[in-house]
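*Asks:* Sharing a structure below in structure tokens format, with a few things to ask.
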Amino acid sequence: MKLKYIAIIAALASIGLSSCDDFLDKVPDTRVELNSPEKLRLLMVSGYTETNYGILTELMTDNMIDNNSTSSTGVRYNLPAYGRQDDEAFAWEPVVSDTGSDSPSGIWEGCYHAIATCNAVLEGVAKLEDEGRGDEVSAVKGEALVSRAYHYFVLANVFCMPYRGPELSKQYPGVPYVTEPETTVLVHYDRGNLADLYANIEKDLEAGLPLINDGSYEVPKYHFNKAAAHAFAARFYLFTRQYEKCVEHADQVFGGAGMDPSGYMSQIWAQTNLYYLSDFGRYYTDMTQQRNLMLIPTYSQAWRHFIGGLRYACNREAKRATIQGPGPTWEKCRYSSSATKESFSLNPCFLAMSFVNGKQEYGTYFGAAVAEFFEYTDKVSGIGYTHIVRSEFTGEETLLCRAEAKLYLNDIEGCVADLTVWDEAHKKNSSTDDRTIPLTRECIEAFYATDKDGFGIVKPLHIDEVYPGSGYSVNSAIEPYLQCVLHFRRIENIHNGMRWFDIKRYGLEITHVIGTDRVENLTMLDSRKAIQIPAEVIAAGMEPNERLTTPSNSDDAVVAKGYYKKVD
């Protein structure tokens, strides 16, 4: 099995006898020799995946519903899915119908391609270090180590079961942790176990982060700059329940402990000059925005899975639990849809920020998060490549990592302070509703006491069963605040697929109603929470994920902004 695409190009036999000797005198290996810091730095441009895990994992979450299922009012449709992969992902079945950049195959190959690049760079670094030139390559070494750790972290959270601590995780398979360039074909790789996988990720992260030097980049936001590396560390330590380290690294993102993080929140909510979807996308992923710590351009058709008129959408209870539903400070902000006439609570930040495709009852989406950029290869023929730029690490997500960690460290006031920064940033809409209230401990405890609206905002938390023995636990004093953090994270990460990671690490149980006669329940430690590795990788001899639970029945012109009318 091959994990990367660094090829050795062999020389062909000579054609003319007169040139035979000259030909044979040439070096047959036409690879670039990585013998300078500059060449290593340039190679690291390819040390990042160009594929997008967002749509695959989003389809598996409670952020999406099947429009062909019957709603509580008896409404259902007969809409097509964007592709067969969507049917498979929504039903938590192995995805075997697609191998594109948004598929498990694409995610696997994209991550291992990036890892292979990092390994080639690290091999070149080792050679220069042997020559006494270590100081010249320390920055690119740090980037390669952190990037390798990040891509293994993605693979772990997509293709493996949730991390359950250093002991329990030994019983689950990981993914091959390759640390050297591949020089032969058809190499057999052992998956190892999940505990060792996370230990290796942490080792690379801790070794690489101190070496990161922003001065080595021409465009820091497209690389693991210092802030992005600390944001990754904060996320990693949150997922591994090392909360003190999570807070420590999150503090560094914002300039140190006690520094004001409000400048790292998005300013998009205050914009009044954005109309087309592309405008929202360009602003939201603008590298000059302080909130964007690291951007990853991908080849992806994710947006096309969200536009109206398709079977799976952010609709009904999924929409009400995220971008068009109530919250602790905006529950009384009621509006009605110009299309459906239904009344609902809505965070005013999403006024004129949500998109539909002329048929609002089919679903709504926050266009800035999935705006597509089209790269023409032939404008006359209208063909080219679709791109989605992922804001992979942001100030908002890092702030919510810190808020969650503070709760387990018994710092409820600190958590509320961070949540307040997030909440206030989302009240900067020019048409902010005067019915919003300040975020207080009282309103958090009242709103998250029960799932009174039935939208699935409040769910039982099973993190202590998923990862027992961490020294931390959920109790009645912090649970309402954890529910608030997870709700804010769900809204913040809408459409980017990270909700799936939260579902796994908290053991959240969700249900997908499929069509009129199928219901699938995903339990706390359901084996389907580990997405099956690609079929071609299994065919090459790698151990597949166990499937212990068998599913039953085995362009801008077309997008119009929705608008809402204020109601009492």
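Ligands are numbered from 1 in the order shown, chains are lettered A, B, ... in the order of the structure tokens, and residues start at 1 in each chain.
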For segment 478-555 of chain A against segment 71-90 of chain A, with a cut-off of 10 Å and counting only C-alpha atoms, what is the closest atom pair and its distance in Å to one decimal for every residue that makes the cut, ordered by chain and number, as JSON lines?
*Replies:*
{"residue": "A:His512", "atom": "CA", "partner": "A:Phe90", "partner_atom": "CA", "distance": 7.4}
{"residue": "A:Val513", "atom": "CA", "partner": "A:Phe90", "partner_atom": "CA", "distance": 9.5}
{"residue": "A:Ile514", "atom": "CA", "partner": "A:Phe90", "partner_atom": "CA", "distance": 8.4}
{"residue": "A:Gly515", "atom": "CA", "partner": "A:Arg76", "partner_atom": "CA", "distance": 8.7}
{"residue": "A:Thr516", "atom": "CA", "partner": "A:Arg76", "partner_atom": "CA", "distance": 8.8}
{"residue": "A:Glu520", "atom": "CA", "partner": "A:Phe90", "partner_atom": "CA", "distance": 9.6}
{"residue": "A:Ile531", "atom": "CA", "partner": "A:Ala89", "partner_atom": "CA", "distance": 8.9}
*Asks:* Write out, as a PDB file, in the first residue's frame, the residues just selected, with C-alpha atoms.
*Replies:*
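Result file follows (part38.pdb):
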ATOM      1  CA  HIS A 512     -31.311   9.982  12.102  1.00  0.00           C
ATOM      2  CA  VAL A 513     -34.769   9.424  10.646  1.00  0.00           C
ATOM      3  CA  ILE A 514     -34.304   8.189   7.074  1.00  0.00           C
ATOM      4  CA  GLY A 515     -37.237   8.349   4.699  1.00  0.00           C
ATOM      5  CA  THR A 516     -40.560   7.133   6.049  1.00  0.00           C
ATOM      6  CA  GLU A 520     -30.999   4.813  13.039  1.00  0.00           C
ATOM      7  CA  ILE A 531     -15.708   6.042   9.916  1.00  0.00           C
TER       8      ILE A 531
END
*Asks:* Name the residues of segment 113-357 of chain A that come out as alpha helix (DSSP H) in a backbone DSSP run; write them as a PyMOL selection string.
*Replies:* chain A and resi 113-130+134-159+194-208+226-239+243-253+277-284+302-306+316-320
*Asks:* Would you please work out which residue, of A:Gly395, A:Pro37, A:Pro534, A:Pro544, is nearest to Ser262 of chain A when using only C-alpha atoms?
*Replies:*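 Once distances to Ser262 of chain A are computed over only C-alpha atoms, the minimum belongs to A:Gly395.
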*Asks:* Name the closest residue to Gln290 of chain A among the candidates A:Thr49, A:Ser343, A:Asn193, A:Thr394; distances are taken between atoms, counting only C-alpha atoms.
*Replies:*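 Closest to Gln290 of chain A of all the choices is A:Thr394.
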*Asks:* Find the spatial neighbours of segment 137-142 of chain A, counting only C-alpha atoms, within a cut-off of 12 Å - ignore same-chain residues fewer than 5 positions away - and output them as a PyMOL selection string.
*Replies:* chain A and resi 34-45+47+117-132+147-149+203-217+223-226+229
*Asks:* Please provide as a list of chain:residue names all residues within 7 Å of segment 386-390 of chain A, with the sequence filter that same-chain residues fewer than 2 positions apart are discarded (counting only C-alpha atoms).
*Replies:* A:Thr285, A:Leu295, A:Ile296, A:Pro297, A:Thr298, A:Tyr299, A:Ser300, A:Gln301, A:Val370, A:Ala371, A:Glu372, A:Phe373, A:Phe374, A:Glu375, A:Gly384, A:Glu392
*Asks:* Pick out the residues sitting within 8 Å of Thr322 of chain A, and hand them over as a PyMOL selection string; count only C-alpha atoms, and ignore anything fewer than 2 positions along from it in its own chain.
*Replies:* chain A and resi 63+318-320+324-325+487+490-491+494
*Asks:* Which residues of segment 209-313 of chain A have any atom within 10 Å of an atom in segment 162-178 of chain A when counting only C-alpha atoms, and what is the closest pair of atoms for each, with the distance in Å to one decimal? Order the rows by chain and rising number and write it as JSON lines.
*Replies:*
{"residue": "A:Phe239", "atom": "CA", "partner": "A:Tyr163", "partner_atom": "CA", "distance": 7.6}
{"residue": "A:Thr240", "atom": "CA", "partner": "A:Tyr163", "partner_atom": "CA", "distance": 6.9}
{"residue": "A:Arg241", "atom": "CA", "partner": "A:Gly165", "partner_atom": "CA", "distance": 8.5}
*Asks:* Counting only C-alpha atoms, figure out which residue out of A:Ala369, A:Ala535, A:Ala228, A:Ile107 gets nearest to Tyr283 of chain A.
*Replies:* A:Ala369
*Asks:* Looking only at strand (DSSP E) from DSSP on the backbone, list the matching residues of segment 254-408 of chain A as a count of residues only.
*Replies:* 41
*Asks:* Hey, what's within 7 Å of Ile307 of chain A if we count only C-alpha atoms and toss same-chain stuff fewer than 4 positions away? As a list in words, please?
*Replies:*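 Once the adjacent positions are removed, what remains is Trp303, Val356 and Asn357 of chain A.
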*Asks:* Kindly indicate which residue among A:Val474, A:Val466, A:Leu59, A:Val380 lies nearest to Met498 of chain A, using only C-alpha atoms for the distances.
*Replies:*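 Distance minimum relative to Met498 of chain A lands on A:Leu59.
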